[in-house]
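Shown here: query_12.csv, CSV, C-alpha atoms and all ligand atoms.
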```csv
chain,number,residue,atom,x,y,z
A,1,MET,CA,109.4,116.8,72.9
A,2,GLY,CA,105.8,117.8,72.6
A,3,ASN,CA,104.0,120.3,74.7
A,4,VAL,CA,101.6,120.2,77.7
A,5,PHE,CA,98.0,120.2,76.6
A,6,VAL,CA,94.9,120.9,78.7
A,7,ILE,CA,91.4,120.1,77.4
A,8,CYS,CA,89.2,122.8,78.7
A,9,GLU,CA,85.5,122.4,79.5
A,10,ILE,CA,83.1,125.1,78.9
A,11,GLU,CA,79.6,125.6,80.2
A,12,GLU,CA,77.4,128.5,79.2
A,13,GLY,CA,80.3,130.5,77.9
A,14,LYS,CA,82.5,130.0,81.0
A,15,ILE,CA,85.6,127.9,81.3
A,16,ALA,CA,85.0,125.4,84.1
A,17,ASP,CA,87.0,125.9,87.4
A,18,VAL,CA,88.6,122.4,87.0
A,19,SER,CA,90.1,123.4,83.6
A,20,LEU,CA,91.5,126.7,85.1
A,21,GLU,CA,93.0,124.6,87.9
A,22,LEU,CA,94.6,122.3,85.4
A,23,LEU,CA,95.9,125.3,83.4
A,24,THR,CA,97.6,126.5,86.5
A,25,LYS,CA,99.2,123.0,87.0
A,26,GLY,CA,99.9,122.7,83.3
A,27,ARG,CA,101.8,126.1,83.4
A,28,SER,CA,104.1,124.9,86.1
A,29,LEU,CA,104.7,121.5,84.4
A,30,ALA,CA,105.5,123.3,81.1
A,31,ASN,CA,107.9,125.5,83.0
A,32,ASP,CA,109.7,122.5,84.5
A,33,LEU,CA,109.8,120.9,81.0
A,34,LYS,CA,110.8,124.2,79.3
A,35,CYS,CA,108.0,123.6,76.8
A,36,LYS,CA,104.7,125.4,75.9
A,37,LEU,CA,101.4,125.2,77.6
A,38,GLU,CA,98.6,124.7,75.0
A,39,ALA,CA,94.8,124.6,75.6
A,40,VAL,CA,91.9,123.2,73.6
A,41,VAL,CA,88.4,124.7,73.7
A,42,LEU,CA,85.6,123.2,71.7
A,43,GLY,CA,82.1,124.8,71.6
A,44,HIS,CA,79.7,127.1,69.8
A,45,GLN,CA,79.6,130.9,70.0
A,46,ILE,CA,82.8,131.0,72.0
A,47,LYS,CA,84.3,134.2,70.4
A,48,GLY,CA,86.6,135.9,72.9
A,49,ILE,CA,87.1,132.7,75.0
A,50,GLU,CA,90.8,133.3,74.9
A,51,LYS,CA,90.4,136.2,77.4
A,52,GLN,CA,89.5,133.5,80.0
A,53,VAL,CA,92.4,131.2,79.3
A,54,PHE,CA,95.4,133.4,78.4
A,55,PRO,CA,95.8,134.9,81.9
A,56,PHE,CA,96.6,131.3,83.1
A,57,GLY,CA,99.7,131.3,81.0
A,58,VAL,CA,98.5,129.5,77.9
A,59,ASP,CA,100.9,129.9,75.0
A,60,VAL,CA,98.7,128.4,72.3
A,61,LEU,CA,94.9,128.1,72.3
A,62,HIS,CA,93.3,125.7,69.8
A,63,VAL,CA,89.7,126.7,69.2
A,64,GLY,CA,87.1,124.5,67.6
A,65,GLU,CA,84.0,126.5,66.9
A,66,HIS,CA,80.9,124.8,65.4
A,67,LYS,CA,77.2,124.5,66.1
A,68,GLU,CA,77.6,120.7,66.4
A,69,LEU,CA,79.9,121.3,69.3
A,70,GLU,CA,77.4,123.4,71.4
A,71,VAL,CA,76.8,120.5,73.7
A,72,TYR,CA,79.4,117.8,74.6
A,73,ARG,CA,79.0,114.5,72.6
A,74,THR,CA,81.5,111.7,72.7
A,75,LEU,CA,82.0,111.0,69.1
A,76,PRO,CA,82.6,114.5,67.6
A,77,PHE,CA,84.7,115.6,70.5
A,78,THR,CA,86.8,112.5,70.4
A,79,SER,CA,87.4,112.7,66.6
A,80,ILE,CA,88.6,116.3,66.9
A,81,ILE,CA,90.9,115.8,69.8
A,82,VAL,CA,92.4,112.6,68.3
A,83,GLU,CA,93.0,114.4,65.0
A,84,LEU,CA,94.5,117.4,66.7
A,85,PHE,CA,96.8,115.2,68.8
A,86,LYS,CA,97.9,113.3,65.8
A,87,GLN,CA,99.1,116.6,64.3
A,88,GLU,CA,100.4,118.2,67.5
A,89,LYS,CA,101.9,115.2,69.3
A,90,PRO,CA,101.5,116.5,72.8
A,91,ASP,CA,103.8,115.1,75.5
A,92,ILE,CA,101.2,115.5,78.3
A,93,CYS,CA,97.4,115.9,78.2
A,94,LEU,CA,95.3,116.9,81.3
A,95,LEU,CA,91.6,116.7,81.7
A,96,GLY,CA,89.1,117.3,84.5
A,97,ALA,CA,87.9,114.1,86.2
A,98,SER,CA,84.4,115.3,85.4
A,99,THR,CA,81.6,113.6,83.5
A,100,LEU,CA,83.1,115.0,80.3
A,101,GLY,CA,86.7,114.1,81.2
A,102,ARG,CA,85.9,110.6,82.3
A,103,ASP,CA,84.1,110.0,79.0
A,104,LEU,CA,86.5,111.8,76.6
A,105,GLY,CA,89.8,110.9,78.2
A,106,PRO,CA,89.6,107.1,77.9
A,107,ARG,CA,88.3,107.4,74.3
A,108,VAL,CA,91.2,109.6,73.2
A,109,SER,CA,93.7,107.5,75.1
A,110,SER,CA,92.4,104.3,73.6
A,111,ALA,CA,92.4,105.7,70.0
A,112,LEU,CA,96.0,106.9,70.4
A,113,GLN,CA,97.1,103.9,72.4
A,114,SER,CA,98.5,106.0,75.2
A,115,GLY,CA,98.0,105.5,78.9
A,116,LEU,CA,95.7,107.4,81.3
A,117,THR,CA,95.7,107.7,85.0
A,118,ALA,CA,92.3,108.8,86.5
A,119,ASP,CA,91.8,110.9,89.6
A,120,CYS,CA,95.4,112.0,90.2
A,121,THR,CA,95.9,114.0,93.4
A,122,SER,CA,99.4,115.3,92.4
A,123,LEU,CA,101.4,115.7,89.2
A,124,GLU,CA,105.1,116.1,89.0
A,125,ILE,CA,108.0,115.8,86.6
A,126,GLY,CA,110.7,113.2,87.3
A,127,ASP,CA,113.1,110.6,85.9
A,128,HIS,CA,112.9,106.9,85.9
A,129,THR,CA,115.3,104.0,85.5
A,130,ASP,CA,114.0,100.7,84.2
A,131,LYS,CA,116.7,98.5,85.8
A,132,LYS,CA,115.5,95.4,83.9
A,133,ALA,CA,115.7,97.0,80.5
A,134,GLY,CA,118.7,99.1,81.5
A,135,LYS,CA,116.9,102.2,80.2
A,136,ASP,CA,116.8,105.7,81.6
A,137,TYR,CA,113.8,108.0,81.1
A,138,LYS,CA,114.0,111.7,81.6
A,139,ASP,CA,111.2,114.2,82.5
A,140,LEU,CA,108.3,111.8,82.8
A,141,LEU,CA,104.9,112.8,84.2
A,142,TYR,CA,104.6,111.3,87.7
A,143,GLN,CA,100.8,110.6,87.9
A,144,ILE,CA,100.3,110.3,91.7
A,145,ARG,CA,97.1,109.0,93.2
A,146,PRO,CA,95.8,106.9,96.1
A,147,ALA,CA,95.6,103.2,95.2
A,148,PHE,CA,94.3,100.0,96.9
A,149,GLY,CA,91.4,101.7,98.7
A,150,GLY,CA,93.6,104.7,99.6
A,151,ASN,CA,96.0,102.6,101.6
A,152,ILE,CA,99.0,103.5,99.4
A,153,VAL,CA,99.9,106.5,97.3
A,154,ALA,CA,101.0,105.2,93.9
A,155,THR,CA,103.2,107.0,91.4
A,156,ILE,CA,102.3,105.9,87.9
A,157,ILE,CA,104.4,106.5,84.9
A,158,ASN,CA,103.9,106.1,81.2
A,159,PRO,CA,107.4,105.7,79.8
A,160,ASP,CA,106.9,105.0,76.1
A,161,CYS,CA,103.5,106.0,74.9
A,162,ARG,CA,102.4,109.6,74.3
A,163,PRO,CA,100.6,111.6,75.3
A,164,GLN,CA,100.9,110.9,79.0
A,165,MET,CA,97.2,111.5,80.0
A,166,ALA,CA,95.8,112.2,83.5
A,167,THR,CA,92.5,113.3,84.9
A,168,VAL,CA,92.2,115.4,88.1
A,169,ARG,CA,89.1,116.1,90.1
A,170,GLU,CA,87.8,119.6,90.7
A,171,GLY,CA,89.4,121.4,93.7
A,172,VAL,CA,92.5,119.2,93.9
A,173,MET,CA,94.8,121.6,92.2
A,174,LYS,CA,95.1,125.3,93.1
A,175,MET,CA,93.8,127.9,90.6
A,176,GLU,CA,96.2,130.8,90.2
A,177,VAL,CA,96.3,133.5,87.5
A,178,PHE,CA,99.7,133.5,85.8
A,179,SER,CA,99.5,137.1,84.5
A,180,GLU,CA,96.5,139.2,83.5
A,181,ALA,CA,98.6,140.6,80.7
A,182,HIS,CA,99.8,137.3,79.3
A,183,LYS,CA,98.8,136.8,75.6
A,184,GLY,CA,99.1,133.6,73.6
A,185,LYS,CA,98.5,132.6,70.0
A,186,ILE,CA,95.1,131.3,68.7
A,187,LYS,CA,95.0,128.4,66.3
A,188,THR,CA,91.7,127.5,64.7
A,189,ILE,CA,90.7,123.9,64.3
A,190,ASP,CA,89.0,123.1,61.0
A,191,VAL,CA,86.1,121.3,62.5
A,192,GLU,CA,84.2,120.8,59.2
A,193,LYS,CA,87.2,119.0,57.7
A,194,ILE,CA,87.5,116.6,60.7
A,195,LEU,CA,83.9,115.6,61.4
A,196,LYS,CA,82.5,112.7,59.6
A,197,PRO,CA,78.7,112.0,59.3
A,198,GLU,CA,79.0,109.0,61.6
A,199,ASP,CA,80.4,111.3,64.3
A,200,LEU,CA,77.0,113.1,64.4
A,201,LEU,CA,74.7,110.1,64.5
A,202,VAL,CA,73.8,110.8,68.2
A,203,LYS,CA,71.5,113.8,68.5
A,204,VAL,CA,70.7,115.7,71.7
A,205,LEU,CA,67.0,116.0,71.8
A,206,GLU,CA,66.5,117.6,75.2
A,207,ARG,CA,68.9,118.8,77.8
A,208,HIS,CA,68.1,119.3,81.5
A,209,MET,CA,70.6,120.8,83.8
A,210,GLU,CA,70.3,121.4,87.5
A,211,LYS,CA,72.8,123.4,89.5
A,212,SER,CA,74.0,122.0,92.8
A,213,LYS,CA,72.3,123.7,95.7
A,214,VAL,CA,75.3,123.1,97.9
A,215,ASN,CA,78.5,125.1,97.5
A,216,ILE,CA,80.9,123.6,99.9
A,217,LYS,CA,83.9,124.1,97.6
A,218,ASN,CA,83.8,127.9,97.7
A,219,SER,CA,82.8,128.2,101.3
A,220,SER,CA,85.4,129.8,103.6
A,221,ILE,CA,84.1,128.0,106.7
A,222,ILE,CA,83.0,124.4,106.7
A,223,ILE,CA,81.4,122.5,109.6
A,224,ALA,CA,81.9,118.9,108.7
A,225,GLY,CA,80.1,116.0,110.5
A,226,GLY,CA,81.1,112.4,110.7
A,227,TYR,CA,79.6,109.1,111.9
A,228,GLY,CA,80.1,110.4,115.5
A,229,MET,CA,77.2,112.8,115.0
A,230,GLY,CA,75.1,109.7,115.6
A,231,SER,CA,72.0,110.5,113.4
A,232,LYS,CA,70.4,112.8,110.9
A,233,GLU,CA,68.9,114.8,113.8
A,234,GLY,CA,72.4,115.1,115.2
A,235,PHE,CA,73.5,116.7,112.0
A,236,ASP,CA,70.7,119.3,112.4
A,237,GLN,CA,73.0,120.9,115.1
A,238,LEU,CA,75.7,121.3,112.4
A,239,TYR,CA,73.2,123.2,110.2
A,240,GLN,CA,72.4,125.5,113.1
A,241,LEU,CA,76.1,126.1,113.8
A,242,ALA,CA,76.7,126.7,110.1
A,243,GLU,CA,73.9,129.3,110.0
A,244,VAL,CA,75.5,131.3,112.8
A,245,LEU,CA,78.9,131.2,111.2
A,246,SER,CA,77.7,131.7,107.6
A,247,ALA,CA,79.3,128.4,106.8
A,248,GLU,CA,78.4,125.3,104.8
A,249,VAL,CA,77.9,121.8,106.1
A,250,GLY,CA,80.2,118.9,104.9
A,251,ALA,CA,80.2,115.3,105.8
A,252,SER,CA,82.4,112.2,105.9
A,253,ARG,CA,81.6,109.2,103.8
A,254,ALA,CA,80.5,107.2,106.8
A,255,ALA,CA,78.0,110.0,107.6
A,256,VAL,CA,76.7,110.0,104.0
A,257,ASP,CA,76.5,106.2,103.9
A,258,ALA,CA,74.5,106.2,107.2
A,259,GLY,CA,72.0,108.7,105.6
A,260,PHE,CA,72.9,111.6,107.9
A,261,ALA,CA,73.8,113.9,104.9
A,262,ASP,CA,73.5,114.0,101.1
A,263,HIS,CA,76.4,112.7,98.9
A,264,GLU,CA,77.0,116.2,97.4
A,265,ARG,CA,78.3,117.2,100.9
A,266,GLN,CA,80.9,114.4,101.1
A,267,ILE,CA,84.4,115.6,101.5
A,268,GLY,CA,87.4,113.4,100.6
A,269,GLN,CA,88.9,111.1,98.1
A,270,THR,CA,85.6,110.2,96.5
A,271,GLY,CA,83.9,113.5,97.4
A,272,VAL,CA,84.8,117.1,97.1
A,273,THR,CA,88.3,118.6,97.8
A,274,VAL,CA,88.1,121.8,99.9
A,275,ARG,CA,90.5,124.4,101.2
A,276,PRO,CA,88.4,126.6,103.5
A,277,LYS,CA,89.9,129.2,106.0
A,278,LEU,CA,88.3,127.2,108.8
A,279,TYR,CA,87.3,123.5,108.9
A,280,ILE,CA,85.5,122.2,112.0
A,281,ALA,CA,85.5,118.4,112.0
A,282,CYS,CA,82.8,117.1,114.4
A,283,GLY,CA,82.8,113.4,115.2
A,284,ILE,CA,85.2,112.5,112.3
A,285,SER,CA,88.0,110.1,112.9
A,286,GLY,CA,90.3,111.4,110.2
A,287,GLN,CA,90.9,108.5,107.9
A,288,ILE,CA,93.3,109.2,105.0
A,289,GLN,CA,90.4,109.1,102.5
A,290,HIS,CA,88.7,111.9,104.4
A,291,THR,CA,91.8,114.0,105.1
A,292,ALA,CA,92.9,113.9,101.5
A,293,GLY,CA,90.0,116.2,100.8
A,294,MET,CA,90.5,118.8,103.6
A,295,GLU,CA,94.0,118.7,104.9
A,296,GLU,CA,94.9,121.9,103.1
A,297,SER,CA,92.4,123.9,105.1
A,298,SER,CA,94.0,127.0,106.7
A,299,MET,CA,92.8,126.1,110.2
A,300,ILE,CA,91.3,122.8,111.4
A,301,ILE,CA,89.4,122.3,114.7
A,302,ALA,CA,88.6,118.8,115.6
A,303,ILE,CA,85.9,117.9,118.1
A,304,ASN,CA,86.1,114.3,119.1
A,305,ASN,CA,85.6,112.1,122.2
A,306,ASP,CA,88.7,110.1,121.4
A,307,SER,CA,91.9,111.9,122.2
A,308,ASN,CA,93.8,109.6,119.9
A,309,ALA,CA,91.6,110.1,116.8
A,310,PRO,CA,93.9,110.5,113.8
A,311,ILE,CA,92.2,113.9,112.9
A,312,ASN,CA,93.8,115.4,116.0
A,313,LYS,CA,97.3,115.0,114.4
A,314,ILE,CA,96.5,117.4,111.6
A,315,ALA,CA,94.2,119.7,113.7
A,316,ASP,CA,95.4,123.1,114.9
A,317,TYR,CA,93.0,122.9,117.8
A,318,VAL,CA,91.5,119.8,119.4
A,319,ILE,CA,88.3,119.9,121.6
A,320,ASN,CA,88.2,116.6,123.4
A,321,GLY,CA,84.6,115.8,124.3
A,322,ASP,CA,81.1,114.8,123.1
A,323,VAL,CA,79.8,116.6,120.1
A,324,ASN,CA,76.3,116.6,121.7
A,325,ASP,CA,77.7,118.8,124.5
A,326,ILE,CA,80.2,120.9,122.5
A,327,VAL,CA,78.3,121.8,119.4
A,328,PRO,CA,75.3,123.4,121.2
A,329,LYS,CA,77.7,125.3,123.4
A,330,LEU,CA,79.5,126.7,120.3
A,331,ILE,CA,76.1,127.7,118.8
A,332,LYS,CA,75.2,129.5,122.0
A,333,LEU,CA,78.6,131.2,122.2
A,334,TYR,CA,78.8,132.4,118.6
A,335,LYS,CA,75.1,133.6,118.8
A,336,LYS,CA,76.0,135.7,121.8
A,337,ASN,CA,79.2,137.1,120.2
A,338,THR,CA,77.5,138.0,116.9
A,339,LYS,CA,74.6,139.9,118.6
B,1,LIG,P1,84.4,106.8,111.9
B,1,LIG,O1,85.7,106.4,111.4
B,1,LIG,O2,83.4,105.8,112.4
B,1,LIG,O3,84.7,107.9,113.1
B,1,LIG,C1,83.8,108.5,113.9
B,1,LIG,C2,84.5,109.3,114.9
B,1,LIG,O4,83.6,110.0,115.7
B,1,LIG,C3,85.5,108.6,115.8
B,1,LIG,O5,86.7,109.3,115.8
B,1,LIG,C4,84.8,108.7,117.2
B,1,LIG,O6,85.8,108.8,118.2
B,1,LIG,C5,84.1,110.0,117.1
B,1,LIG,N1,82.9,110.0,117.9
B,1,LIG,C6,81.9,109.1,118.1
B,1,LIG,N2,80.9,109.5,118.9
B,1,LIG,C7,81.3,110.8,119.2
B,1,LIG,C8,80.7,111.8,120.1
B,1,LIG,N3,79.5,111.6,120.7
B,1,LIG,N4,81.3,113.0,120.2
B,1,LIG,C9,82.5,113.2,119.6
B,1,LIG,N5,83.1,112.3,118.8
B,1,LIG,C10,82.5,111.1,118.6
B,1,LIG,N6,85.7,108.8,103.6
B,1,LIG,C11,85.4,110.1,103.5
B,1,LIG,O7,85.1,110.8,104.5
B,1,LIG,N7,85.4,110.7,102.3
B,1,LIG,C12,85.8,110.0,101.1
B,1,LIG,O8,85.7,110.6,100.1
B,1,LIG,C13,86.1,108.6,101.3
B,1,LIG,N8,86.4,107.9,100.2
B,1,LIG,C14,86.8,106.6,100.3
B,1,LIG,C15,87.2,105.9,99.2
B,1,LIG,C16,87.6,104.6,99.4
B,1,LIG,C17,88.1,103.8,98.2
B,1,LIG,C18,87.5,103.9,100.7
B,1,LIG,C19,87.9,102.5,100.8
B,1,LIG,C20,87.0,104.7,101.8
B,1,LIG,C21,86.7,106.0,101.6
B,1,LIG,N9,86.2,106.7,102.7
B,1,LIG,C22,86.0,108.1,102.6
B,1,LIG,C23,85.9,106.1,104.0
B,1,LIG,C24,87.0,106.3,105.1
B,1,LIG,O9,87.9,105.2,105.0
B,1,LIG,C25,86.4,106.3,106.5
B,1,LIG,O10,85.6,105.1,106.6
B,1,LIG,C26,85.4,107.4,106.8
B,1,LIG,O11,86.0,108.6,106.5
B,1,LIG,C27,85.1,107.4,108.3
B,1,LIG,O12,84.1,108.4,108.5
B,1,LIG,P2,84.0,109.0,110.0
B,1,LIG,O13,85.3,109.5,110.5
B,1,LIG,O14,82.8,109.8,110.0
B,1,LIG,O15,83.6,107.7,110.9
```
Just give me the structure as C-alpha cells.
Ligand code: FAD
Amino acid sequence: MGNVFVICEIEEGKIADVSLELLTKGRSLANDLKCKLEAVVLGHQIKGIEKQVFPFGVDVLHVGEHKELEVYRTLPFTSIIVELFKQEKPDICLLGASTLGRDLGPRVSSALQSGLTADCTSLEIGDHTDKKAGKDYKDLLYQIRPAFGGNIVATIINPDCRPQMATVREGVMKMEVFSEAHKGKIKTIDVEKILKPEDLLVKVLERHMEKSKVNIKNSSIIIAGGYGMGSKEGFDQLYQLAEVLSAEVGASRAAVDAGFADHERQIGQTGVTVRPKLYIACGISGQIQHTAGMEESSMIIAINNDSNAPINKIADYVINGDVNDIVPKLIKLYKKNTK
C-alpha cells in the first residue's frame, strides 16, 4: 500500500492554513492505515520550509525548489506532481479546495486516471463490499461531502484507481500540531530533470495580489446576519454590535444574494467554515447549507422571530423575537457593561 500525500501550498514563504489542516487530517488517516504521511512543497527560495511541516507529523517531505516554481503555474506543477506520483504511487492525495487545488487536482487526477472528489467535508477510512462483483475492499478513503444541493450527504469511494484524491476547503478540518519535536526525512525532487520546455510556455508577466479585508475565519466572536435582517441598513446594526464585542460580521447566502453583505462574509457550504467561541445568528433560519459552516462553534445564540426555526435546534441559547428590537438592546447592554 502507498502512503498518504498532502500537496502543500505556499505563499510568501508560509505554508497555507488549508495545507496544515490537511496535514493534521492526513496524519490521522496515515495512523489508521499504519502508513506514512508524506508532503510535497514546490516553490522558490524555500530553504527551511520543513520546519513548518514536520511538527504536523510529516514523515517524508518532497521538496521541489526552482526559480520556475516561484509562482503557481498549471503545467510545471502538474508535470512534477504526476512524475512524483508515478514513482511514489501514493494511496491517498489531499489538496486544498483553493484556486490552486481546484486547478492542479483535476489535472493530476486526469493524467493518472484516478478519481477526485471536490469539497469534501469529512474524510474517513472504511471498507466496502461490491455485492454485484462479489468483491471486498479494505481501508478505502471515504470521501464525504454534501450532494444534490446539500440535501444528502454522500460517501464517495474510489475502489480501484490510485491515488484516491480529495480536495477540502479551508477551515473544514481542524489544524493541530502533532509534535513540535517531530522530525521527518527530506527528499529532493529533481525539477530540472522533470520540466520540459513546453511546461514553461506560459509566463507570468505581472502578478497582483490583494489580501482579504475580512477575517471571519480567525475571529473568536461572529455576529452573523440572515435574510431576516431585512436590508443592508438592517445589517448596519450588526456592524455596531460587532464593534462593541470586537467581533466580525458574517452572513447567510440569502443575505449575500440580497445584497445585504459581501460574498467574502458568507458562511456555509459555499462560503467560509468557522469555529468561533461565540456565534450569534440573527434572522438566520438555519438551513443545512448554512449550519455546515458554523455548527462547530463553541456557543451559538439564535435570535429569530420563529420559535420553530431549525437554527434553534443547534443553538445553546434562543432569543425569540424581532432582530430590530433585540439587536439594539444588545448593543446598549454591552456598551453599558464594557464602560
Ligand atoms: P431564510 O431561510 O429566508 O431565513 C430567514 C430567517 O429570519 C427565518 O428563520 C425567519 O423566521 C427569520 N426572520 C425574519 N424576519 C425576522 C425578524 N424581523 N426578526 C427575527 N427573525 C426574523 N446558505 C448559506 O447560508 N451559506 C452557504 O454557503 C450556502 N450554500 C448553499 C449551497 C447550495 C448548493 C444551495 C442549494 C444552497 C446554499 N445556501 C447556503 C442557501 C441555504 O439553503 C438557505 O437558502 C440560506 O441559508 C437561507 O438564508 P437565511 O437563513 O438568511 O434566510
For Leu42 (chain A), work out the shell of residues within 10 Å, counting all atoms listed in the file and skipping chain neighbours fewer than 2 positions away, then give it as a list of chain:residue names. A:Ile7, A:Cys8, A:Glu9, A:Ile10, A:Val40, A:His44, A:Gln45, A:Ile46, A:His62, A:Val63, A:Gly64, A:Glu65, A:His66, A:Glu68, A:Leu69, A:Glu70, A:Val71, A:Tyr72, A:Phe77, A:Ile80, A:Ile81, A:Ile189, A:Val191
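In this structure, CA of Ala261 (chain A) sits 15.5 Å away from atom C21 of ligand LIG 1 (chain B).
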Just the number, please: distance in Å from CA of Ile186 (chain A) to CA of Thr24 (chain A), one decimal.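 Interatomic distance, CA of Ile186 (chain A) to CA of Thr24 (chain A): 18.6 Å.
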Separation of CA of Lys51 (chain A) from CA of Val177 (chain A) in Å: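 Distance between the two atoms: 12.0 Å.
For the point (70.7, 110.1, 108.9), the residues with an atom at a distance of at most 6 Å are Ser231, Lys232, Ala258, Gly259 and Phe260 of chain A, counting all atoms listed in the file.
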Taking (96.1, 109.0, 97.1) in the file's coordinates, which residues come within 10 Å, counting only C-alpha atoms, written as a PyMOL selection string? chain A and resi 119-122+144-155+269+288-289+292
Which residues of chain A come within 7 Å of ligand LIG 1 (chain B), and for each one, what is the closest pair of atoms and their distance in Å to one decimal, counting all atoms listed in the file, sorted by chain and residue number, as a tab-separated table?
```
residue	atom	partner	partner_atom	distance
A:Gly149	CA	B:LIG1	C17	3.9
A:Gly150	CA	B:LIG1	C17	5.7
A:Gly225	CA	B:LIG1	O14	6.8
A:Gly226	CA	B:LIG1	O14	3.2
A:Tyr227	CA	B:LIG1	O14	3.8
A:Gly228	CA	B:LIG1	C6	3.4
A:Met229	CA	B:LIG1	C7	6.2
A:Gly230	CA	B:LIG1	N2	6.7
A:Ala251	CA	B:LIG1	O7	6.8
A:Ser252	CA	B:LIG1	O7	3.3
A:Arg253	CA	B:LIG1	O7	3.9
A:Ala254	CA	B:LIG1	O12	4.2
A:Ala255	CA	B:LIG1	O14	5.4
A:Gln266	CA	B:LIG1	N7	5.9
A:Ile267	CA	B:LIG1	N7	5.1
A:Gly268	CA	B:LIG1	O8	3.3
A:Gln269	CA	B:LIG1	O8	3.8
A:Thr270	CA	B:LIG1	O8	3.6
A:Gly271	CA	B:LIG1	O8	4.4
A:Cys282	CA	B:LIG1	C9	6.5
A:Gly283	CA	B:LIG1	O4	3.5
A:Ile284	CA	B:LIG1	O13	3.5
A:Ser285	CA	B:LIG1	O5	3.3
A:Gly286	CA	B:LIG1	O13	5.4
A:Gln287	CA	B:LIG1	O11	5.1
A:Ile288	CA	B:LIG1	O9	6.7
A:Gln289	CA	B:LIG1	C13	4.5
A:His290	CA	B:LIG1	O7	3.8
A:Ile303	CA	B:LIG1	C9	6.0
A:Asn304	CA	B:LIG1	N5	3.6
A:Asn305	CA	B:LIG1	C9	4.2
A:Asp306	CA	B:LIG1	O6	4.5
A:Ala309	CA	B:LIG1	O5	5.1
A:Gly321	CA	B:LIG1	C9	5.8
A:Asp322	CA	B:LIG1	N4	3.4
A:Val323	CA	B:LIG1	N4	3.9
A:Asn324	CA	B:LIG1	N3	6.0
```
Selection: 12 Å around region 219-223 of chain A, only C-alpha atoms, excl. self and same-chain fewer than 3 positions, as a count of residues only: 49
Close residues, Phe5 (chain A) itself excluded, 9 Å, only C-alpha atoms, min 4 positions apart in chain, as number ranges by chain: A: 23, 26, 36-40, 90-95
For Asp32 (chain A), find every residue with an atom within 9 Å (counting all atoms listed in the file), except residues of its own chain fewer than 3 positions away, and show them as a ChimeraX atom specification. /A:27-29,35,125,139
When you count only C-alpha atoms, which of these residues is closest to Thr129 (chain A): A:Pro159, A:Gly13, A:Gly293, A:Gly96? A:Pro159
Which of A:Val60, A:Met165, A:Leu75, A:Leu84 sits closest to Val202 (chain A) [using all atoms listed in the file]: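 Going through A:Val60, A:Met165, A:Leu75, A:Leu84 one by one, the smallest distance to Val202 (chain A) is for A:Leu75.
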Residue nearest Glu83 (chain A) - candidates A:Asp190, A:Asp127, A:Glu21, A:Glu176, atoms counted: only C-alpha atoms: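 Closest candidate: A:Asp190.
Each of A:Asp160, A:Glu88, A:Glu180, A:Glu11 was compared to Val53 (chain A) using all atoms listed in the file, and A:Glu180 turns out to be the nearest.
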Which is closer to Lys185 (chain A) than all the others in A:Gly171, A:Pro328, A:Gly57, A:Gly134, using only C-alpha atoms?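 For Lys185 (chain A), the nearest of the given residues is A:Gly57.
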Top pick for closest residue to Leu140 (chain A), considering A:Leu20, A:Leu123, A:Met173, A:Val318 and counting only C-alpha atoms: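 Under the stated criterion, the closest residue is A:Leu123.
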Write region 66-75 of chain A as a PDB file, in the coordinates of the input, completed to N, CA, C and O atoms.
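Result file is part23.pdb:
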```
ATOM      1  N   HIS A  66      81.887 125.401  66.352  1.00  0.00           N
ATOM      2  CA  HIS A  66      80.900 124.800  65.400  1.00  0.00           C
ATOM      3  C   HIS A  66      79.618 124.586  66.117  1.00  0.00           C
ATOM      4  O   HIS A  66      79.627 124.232  67.300  1.00  0.00           O
ATOM      5  N   LYS A  67      78.511 124.731  65.399  1.00  0.00           N
ATOM      6  CA  LYS A  67      77.200 124.500  66.100  1.00  0.00           C
ATOM      7  C   LYS A  67      77.037 123.095  66.567  1.00  0.00           C
ATOM      8  O   LYS A  67      76.353 122.842  67.547  1.00  0.00           O
ATOM      9  N   GLU A  68      77.693 122.142  65.921  1.00  0.00           N
ATOM     10  CA  GLU A  68      77.600 120.700  66.400  1.00  0.00           C
ATOM     11  C   GLU A  68      78.351 120.508  67.677  1.00  0.00           C
ATOM     12  O   GLU A  68      78.276 119.441  68.258  1.00  0.00           O
ATOM     13  N   LEU A  69      79.125 121.506  68.103  1.00  0.00           N
ATOM     14  CA  LEU A  69      79.900 121.300  69.300  1.00  0.00           C
ATOM     15  C   LEU A  69      79.312 122.111  70.511  1.00  0.00           C
ATOM     16  O   LEU A  69      79.948 122.283  71.553  1.00  0.00           O
ATOM     17  N   GLU A  70      78.075 122.563  70.326  1.00  0.00           N
ATOM     18  CA  GLU A  70      77.400 123.400  71.400  1.00  0.00           C
ATOM     19  C   GLU A  70      77.340 122.587  72.695  1.00  0.00           C
ATOM     20  O   GLU A  70      77.595 123.099  73.776  1.00  0.00           O
ATOM     21  N   VAL A  71      76.953 121.330  72.565  1.00  0.00           N
ATOM     22  CA  VAL A  71      76.800 120.500  73.700  1.00  0.00           C
ATOM     23  C   VAL A  71      77.792 119.304  73.579  1.00  0.00           C
ATOM     24  O   VAL A  71      77.983 118.821  72.464  1.00  0.00           O
ATOM     25  N   TYR A  72      78.389 118.861  74.684  1.00  0.00           N
ATOM     26  CA  TYR A  72      79.400 117.800  74.600  1.00  0.00           C
ATOM     27  C   TYR A  72      78.708 116.478  74.090  1.00  0.00           C
ATOM     28  O   TYR A  72      77.656 116.073  74.580  1.00  0.00           O
ATOM     29  N   ARG A  73      79.333 115.886  73.075  1.00  0.00           N
ATOM     30  CA  ARG A  73      79.000 114.500  72.600  1.00  0.00           C
ATOM     31  C   ARG A  73      80.248 113.766  72.386  1.00  0.00           C
ATOM     32  O   ARG A  73      81.220 114.315  71.846  1.00  0.00           O
ATOM     33  N   THR A  74      80.238 112.508  72.775  1.00  0.00           N
ATOM     34  CA  THR A  74      81.500 111.700  72.700  1.00  0.00           C
ATOM     35  C   THR A  74      82.142 111.672  71.377  1.00  0.00           C
ATOM     36  O   THR A  74      83.333 111.965  71.274  1.00  0.00           O
ATOM     37  N   LEU A  75      81.379 111.311  70.339  1.00  0.00           N
ATOM     38  CA  LEU A  75      82.000 111.000  69.100  1.00  0.00           C
ATOM     39  C   LEU A  75      82.673 112.252  68.393  1.00  0.00           C
ATOM     40  O   LEU A  75      83.854 112.201  68.028  1.00  0.00           O
TER      41      LEU A  75
END
```
